[in-house]
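Asks: My structure is stored as start19.txt, with compact mmCIF, C-alpha atoms.
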# COMPACT_ATOMS: atom_id res chain seq x y z
CA MET A 169 -107.56 -43.27 72.87
CA ALA A 170 -108.00 -39.49 72.92
CA ARG A 171 -109.15 -37.65 76.02
CA ILE A 172 -111.30 -34.63 75.22
CA PHE A 173 -112.04 -31.93 77.76
CA LEU A 174 -114.98 -29.62 77.02
CA ILE A 175 -114.42 -26.39 78.93
CA ARG A 176 -117.24 -23.89 79.19
CA HIS A 177 -116.11 -20.31 78.66
CA GLY A 178 -115.84 -17.85 81.57
CA GLU A 179 -118.60 -15.43 82.56
CA ALA A 180 -119.50 -13.19 79.61
CA ALA A 181 -121.24 -9.85 79.32
CA LYS A 182 -125.02 -10.17 79.22
CA GLY A 183 -127.42 -8.41 76.93
CA GLU A 184 -129.56 -9.29 73.96
CA HIS A 185 -127.95 -6.43 72.01
CA ILE A 186 -124.44 -7.99 72.23
CA PRO A 187 -124.02 -10.52 69.38
CA ASP A 188 -120.59 -11.82 70.48
CA PRO A 189 -120.06 -10.89 74.14
CA ILE A 190 -116.62 -10.69 75.70
CA LEU A 191 -115.68 -11.89 79.16
CA THR A 192 -116.56 -9.78 82.17
CA ASP A 193 -113.88 -8.94 84.74
CA GLU A 194 -115.05 -12.02 86.65
CA GLY A 195 -114.78 -14.07 83.45
CA TYR A 196 -111.17 -12.96 82.94
CA LYS A 197 -110.42 -13.90 86.54
CA GLN A 198 -111.99 -17.34 85.98
CA ALA A 199 -109.88 -17.83 82.82
CA GLU A 200 -106.69 -16.90 84.72
CA GLU A 201 -107.55 -19.26 87.58
CA LEU A 202 -108.25 -22.06 85.10
CA ALA A 203 -104.90 -21.46 83.37
CA LEU A 204 -103.11 -21.62 86.72
CA LYS A 205 -104.91 -24.86 87.59
CA LEU A 206 -104.11 -26.51 84.22
CA SER A 207 -100.64 -25.04 83.65
CA THR A 208 -98.78 -27.90 85.33
CA LEU A 209 -100.40 -30.55 83.14
CA GLU A 210 -98.76 -31.92 80.02
CA LYS A 211 -99.40 -29.66 77.04
CA VAL A 212 -102.24 -30.73 74.77
CA GLN A 213 -103.80 -29.05 71.77
CA LEU A 214 -106.11 -26.12 72.52
CA ILE A 215 -109.20 -25.67 70.38
CA SER A 216 -111.75 -22.86 70.69
CA SER A 217 -115.11 -21.88 69.38
CA PRO A 218 -114.83 -18.79 67.16
CA LYS A 219 -116.82 -16.79 69.74
CA LEU A 220 -114.74 -14.22 71.63
CA ARG A 221 -115.69 -15.42 75.11
CA ALA A 222 -114.35 -18.91 74.37
CA GLN A 223 -111.15 -17.58 72.78
CA GLN A 224 -110.58 -15.23 75.72
CA THR A 225 -111.00 -18.13 78.15
CA ALA A 226 -108.40 -20.19 76.27
CA LYS A 227 -105.87 -17.37 75.90
CA PRO A 228 -104.28 -17.41 79.41
CA LEU A 229 -103.49 -21.13 79.18
CA ALA A 230 -102.16 -20.72 75.62
CA GLU A 231 -99.87 -17.96 76.85
CA VAL A 232 -98.58 -20.05 79.78
CA TRP A 233 -97.93 -23.03 77.49
CA ASP A 234 -96.72 -20.77 74.63
CA ILE A 235 -98.90 -22.53 72.07
CA GLU A 236 -101.56 -21.44 69.60
CA VAL A 237 -105.29 -21.80 70.07
CA VAL A 238 -106.89 -23.35 66.99
CA ILE A 239 -110.30 -21.90 66.11
CA GLU A 240 -112.91 -24.47 65.07
CA ASN A 241 -116.20 -23.25 63.59
CA ALA A 242 -117.97 -26.55 64.33
CA LEU A 243 -117.80 -25.67 68.04
CA THR A 244 -119.66 -22.37 67.87
CA GLU A 245 -122.77 -21.63 69.91
CA ILE A 246 -126.11 -22.94 68.66
CA PRO A 247 -127.42 -20.80 65.78
CA THR A 248 -130.61 -18.86 66.32
CA PRO A 249 -133.35 -19.71 63.79
CA GLU A 250 -133.76 -16.99 61.16
CA GLU A 251 -137.35 -16.30 62.21
CA ILE A 252 -136.29 -15.44 65.80
CA PRO A 253 -135.33 -11.75 66.21
CA LYS A 254 -131.91 -11.25 67.81
CA ALA A 255 -133.56 -9.50 70.75
CA GLN A 256 -135.50 -12.71 71.45
CA ARG A 257 -132.51 -15.11 71.39
CA LEU A 258 -132.27 -15.48 75.17
CA THR A 259 -136.01 -16.18 75.48
CA TRP A 260 -135.74 -18.75 72.66
CA LEU A 261 -132.75 -20.43 74.34
CA ARG A 262 -134.52 -20.66 77.70
CA THR A 263 -137.55 -22.24 76.03
CA LEU A 264 -135.33 -24.65 74.09
CA LEU A 265 -133.61 -25.75 77.31
CA THR A 266 -136.86 -27.08 78.75
CA GLY A 267 -137.62 -29.20 75.70
CA GLU A 268 -136.17 -31.93 73.53
CA TRP A 269 -134.01 -31.83 70.42
CA ASP A 270 -136.23 -31.74 67.35
CA PRO A 271 -134.95 -34.33 64.85
CA CYS A 272 -136.92 -32.53 62.11
CA ASP A 273 -135.13 -29.20 62.72
CA ARG A 274 -132.47 -29.44 59.99
CA GLU A 275 -130.39 -26.50 61.28
CA GLN A 276 -130.18 -27.93 64.81
CA LYS A 277 -129.44 -31.42 63.50
CA ASP A 278 -126.68 -30.19 61.18
CA TRP A 279 -125.14 -28.11 64.02
CA ARG A 280 -125.19 -31.06 66.43
CA ASP A 281 -123.93 -33.55 63.82
CA GLY A 282 -121.06 -31.19 62.94
CA ILE A 283 -119.94 -31.04 66.58
CA ILE A 284 -120.02 -34.82 66.95
CA ARG A 285 -118.18 -35.42 63.65
CA TYR A 286 -115.46 -33.00 64.73
CA LEU A 287 -115.05 -34.56 68.20
CA GLU A 288 -114.99 -38.07 66.75
CA SER A 289 -112.19 -36.99 64.40
CA LEU A 290 -109.87 -36.08 67.29
CA SER A 291 -107.09 -38.58 67.86
CA GLU A 292 -105.04 -36.75 70.49
CA ASP A 293 -105.79 -35.29 73.90
CA THR A 294 -107.48 -31.90 73.52
CA PHE A 295 -108.87 -29.03 75.58
CA ILE A 296 -111.88 -27.47 73.86
CA PHE A 297 -113.19 -24.07 74.95
CA CYS A 298 -116.85 -23.85 74.04
CA HIS A 299 -120.41 -23.21 75.20
CA PHE A 300 -123.24 -24.43 77.45
CA MET A 301 -125.32 -25.67 74.52
CA VAL A 302 -122.37 -27.35 72.78
CA ILE A 303 -121.59 -29.30 75.94
CA ASN A 304 -125.22 -30.25 76.52
CA SER A 305 -125.68 -31.37 72.92
CA VAL A 306 -122.61 -33.65 73.19
CA VAL A 307 -123.76 -35.14 76.50
CA ALA A 308 -127.26 -35.73 75.05
CA HIS A 309 -125.69 -37.48 72.05
CA ILE A 310 -123.52 -39.73 74.20
CA ARG A 311 -126.45 -40.61 76.44
CA ASN A 312 -128.68 -41.09 73.38
CA HIS A 313 -131.20 -38.76 75.01
CA GLN A 314 -133.38 -36.13 73.36
CA LYS A 315 -133.62 -33.81 76.38
CA VAL A 316 -131.78 -30.58 75.51
CA GLN A 317 -130.51 -29.66 78.96
CA GLN A 318 -128.59 -32.61 80.37
CA PHE A 319 -126.95 -30.56 83.14
CA ARG A 320 -125.90 -26.98 83.95
CA PRO A 321 -122.14 -26.65 83.33
CA ASP A 322 -120.67 -23.78 85.35
CA TYR A 323 -118.28 -21.22 83.91
CA THR A 324 -114.88 -22.83 83.18
CA SER A 325 -116.17 -26.25 84.25
CA ILE A 326 -114.51 -29.20 82.55
CA THR A 327 -116.50 -32.11 81.12
CA GLU A 328 -114.28 -35.06 80.27
CA LEU A 329 -114.86 -37.39 77.33
CA LYS A 330 -112.85 -40.10 75.66
CA ASN A 331 -112.82 -41.03 72.02
CA ASP A 332 -112.00 -44.71 71.56
CA GLY A 333 -111.77 -44.34 67.78
CA ASN A 334 -115.31 -45.62 67.27
CA LYS A 335 -117.43 -43.42 69.49
CA LEU A 336 -117.41 -40.85 72.26
CA HIS A 337 -117.78 -41.80 75.92
CA LEU A 338 -118.65 -39.57 78.87
CA VAL A 339 -116.05 -39.87 81.63
CA GLN A 340 -117.19 -37.07 83.94
CA LEU A 341 -119.52 -34.09 83.87
CA GLY A 342 -118.12 -30.70 84.79
CA GLU A 343 -119.12 -28.76 87.88
CA GLU A 344 -122.68 -27.52 87.78
CA LYS A 345 -123.96 -23.98 88.13
CA ASP A 346 -125.99 -23.13 91.23
CA ASN A 347 -128.57 -20.81 89.72
CA LYS A 348 -130.90 -21.01 86.76
CA ILE A 349 -129.38 -18.28 84.59
CA LEU A 350 -127.42 -19.26 81.49
Once you've parsed the file, please lay out its structure as structure tokens.

Replies:
Amino acid sequence: MARIFLIRHGEAAKGEHIPDPILTDEGYKQAEELALKLSTLEKVQLISSPKLRAQQTAKPLAEVWDIEVVIENALTEIPTPEEIPKAQRLTWLRTLLTGEWDPCDREQKDWRDGIIRYLESLSEDTFIFCHFMVINSVVAHIRNHQKVQQFRPDYTSITELKNDGNKLHLVQLGEEKDNKIL
């Protein structure tokens, strides 16, 4: 049985004009603190979203353990629909969070299905550095619930799952964020 730990990236730069934001100074501090906290555990594989903020959050632990971080495209942040201008992404995300997953939205369905297929393929313990929406989509899938926002994972919070070889199970949600800002 594989244990899977979904770790939300550290605090990233904000701004609708930044397509792939990097960690802020606070985000780097959070990543270092996380690495210190996890460094005494047995080494497991480290997987990251291709987004910089996730890779930068994984890097301190990878350096301590002296192992590589594997980049997995299936774990990237939710794609913005083509008809939504980049400057409106944050507004679109906030609106999406208050609703339900649309089973007729092929792009969203394919994105979510790709995440679940990847997680179900894991057969060894794994730390995955990813995003708010990735984590919420997985939790919604496990709970068989259509609500988009299942909870508000804080920066570097750890949501624990297990894969029994047949399906994913939620063991524990990560720490939640206090405020309402993504």

Asks: For A:Lys227, which residue out of A:Glu292, A:Asp332, A:Asp322, A:Glu200 is the nearest one, using all atoms listed in the file?

Replies: A:Glu200

Asks: Using 8 Å as the limit and counting only C-alpha atoms, can you tabulate each residue of stretch 174-242 of chain A that touches stretch 297-311 of chain A, with its shortest atom-to-atom distance in Å and the two atoms involved, as JSON lines?

Replies:
{"residue": "A:Leu174", "atom": "CA", "partner": "A:Phe297", "partner_atom": "CA", "distance": 6.2}
{"residue": "A:Ile175", "atom": "CA", "partner": "A:Phe297", "partner_atom": "CA", "distance": 4.8}
{"residue": "A:Arg176", "atom": "CA", "partner": "A:His299", "partner_atom": "CA", "distance": 5.1}
{"residue": "A:His177", "atom": "CA", "partner": "A:Cys298", "partner_atom": "CA", "distance": 5.9}
{"residue": "A:Leu214", "atom": "CA", "partner": "A:Phe297", "partner_atom": "CA", "distance": 7.8}
{"residue": "A:Ile215", "atom": "CA", "partner": "A:Phe297", "partner_atom": "CA", "distance": 6.3}
{"residue": "A:Ser216", "atom": "CA", "partner": "A:Phe297", "partner_atom": "CA", "distance": 4.7}
{"residue": "A:Ser217", "atom": "CA", "partner": "A:Cys298", "partner_atom": "CA", "distance": 5.4}
{"residue": "A:Ala222", "atom": "CA", "partner": "A:Phe297", "partner_atom": "CA", "distance": 5.3}
{"residue": "A:Gln223", "atom": "CA", "partner": "A:Phe297", "partner_atom": "CA", "distance": 7.1}
{"residue": "A:Thr225", "atom": "CA", "partner": "A:Phe297", "partner_atom": "CA", "distance": 7.1}
{"residue": "A:Ala226", "atom": "CA", "partner": "A:Phe297", "partner_atom": "CA", "distance": 6.3}

Asks: Please write as a list in words the list of polymer residues whose atoms come within 12 Å of (-106.8, -27.5, 85.5), counting only C-alpha atoms and keeping to the coordinates of the file.

Replies: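 Residues with an atom close enough to that point: Phe173, Leu174, Ile175, Gln198, Ala199, Glu200, Glu201, Leu202, Ala203, Leu204, Lys205, Leu206, Ser207, Thr208, Leu209, Glu210, Lys211, Ala226, Leu229, Phe295, Thr324, Ser325, Ile326, Thr327, Glu328 and Gly342 of chain A.
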
Asks: What does the distance from atom CA of A:Leu287 to atom CA of A:Arg257 come to in Å, to one decimal?

Replies: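 Distance reported for this atom pair: 26.3 Å.
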
Asks: Per residue of stretch 216-322 of chain A within 8 Å of stretch 188-195 of chain A, which atom pair is closest and at what distance in Å (one decimal), using only C-alpha atoms, listed by chain and increasing number, as a Markdown table?

Replies:
| residue | atom | partner | partner_atom | distance |
| --- | --- | --- | --- | --- |
| A:Lys219 | CA | A:Asp188 | CA | 6.3 |
| A:Leu220 | CA | A:Ile190 | CA | 5.7 |
| A:Arg221 | CA | A:Ile190 | CA | 4.9 |
| A:Gln224 | CA | A:Leu191 | CA | 7.0 |
| A:Thr225 | CA | A:Gly195 | CA | 7.7 |

Asks: If you measure from atom CA of A:Asn331 to atom CA of A:Asp293, what distance in Å do you get, rounded to one decimal?

Replies: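 Going from atom CA of A:Asn331 over to atom CA of A:Asp293, I get 9.3 Å.
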
Asks: Check the smallest atom-to-atom distance from each of A:Glu236, A:Glu231, A:Glu179, A:Glu245 to A:Lys345 using only C-alpha atoms, then report the winner.

Replies: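 Distance minimum relative to A:Lys345 lands on A:Glu179.
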
Asks: Just give me the gap between atom CA of A:Glu275 and atom CA of A:Thr294 in Å, one decimal is fine.

Replies: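 Atom-to-atom, atom CA of A:Glu275 and atom CA of A:Thr294 are spaced 26.5 Å apart.
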
Asks: Considering only C-alpha atoms, state which residue in the set A:Val237, A:Val316, A:Leu336, A:Ile246 is at the smallest distance from A:Ser291.

Replies: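 Of the candidates, the smallest distance to A:Ser291 is held by A:Leu336.
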
Asks: Tell me, as an NGL selection string, which residues lie within 9 Å of A:Lys254, counting only C-alpha atoms; anything in the same chain fewer than 6 positions away does not count.

Replies: :A and (184-185 or 187 or 248)
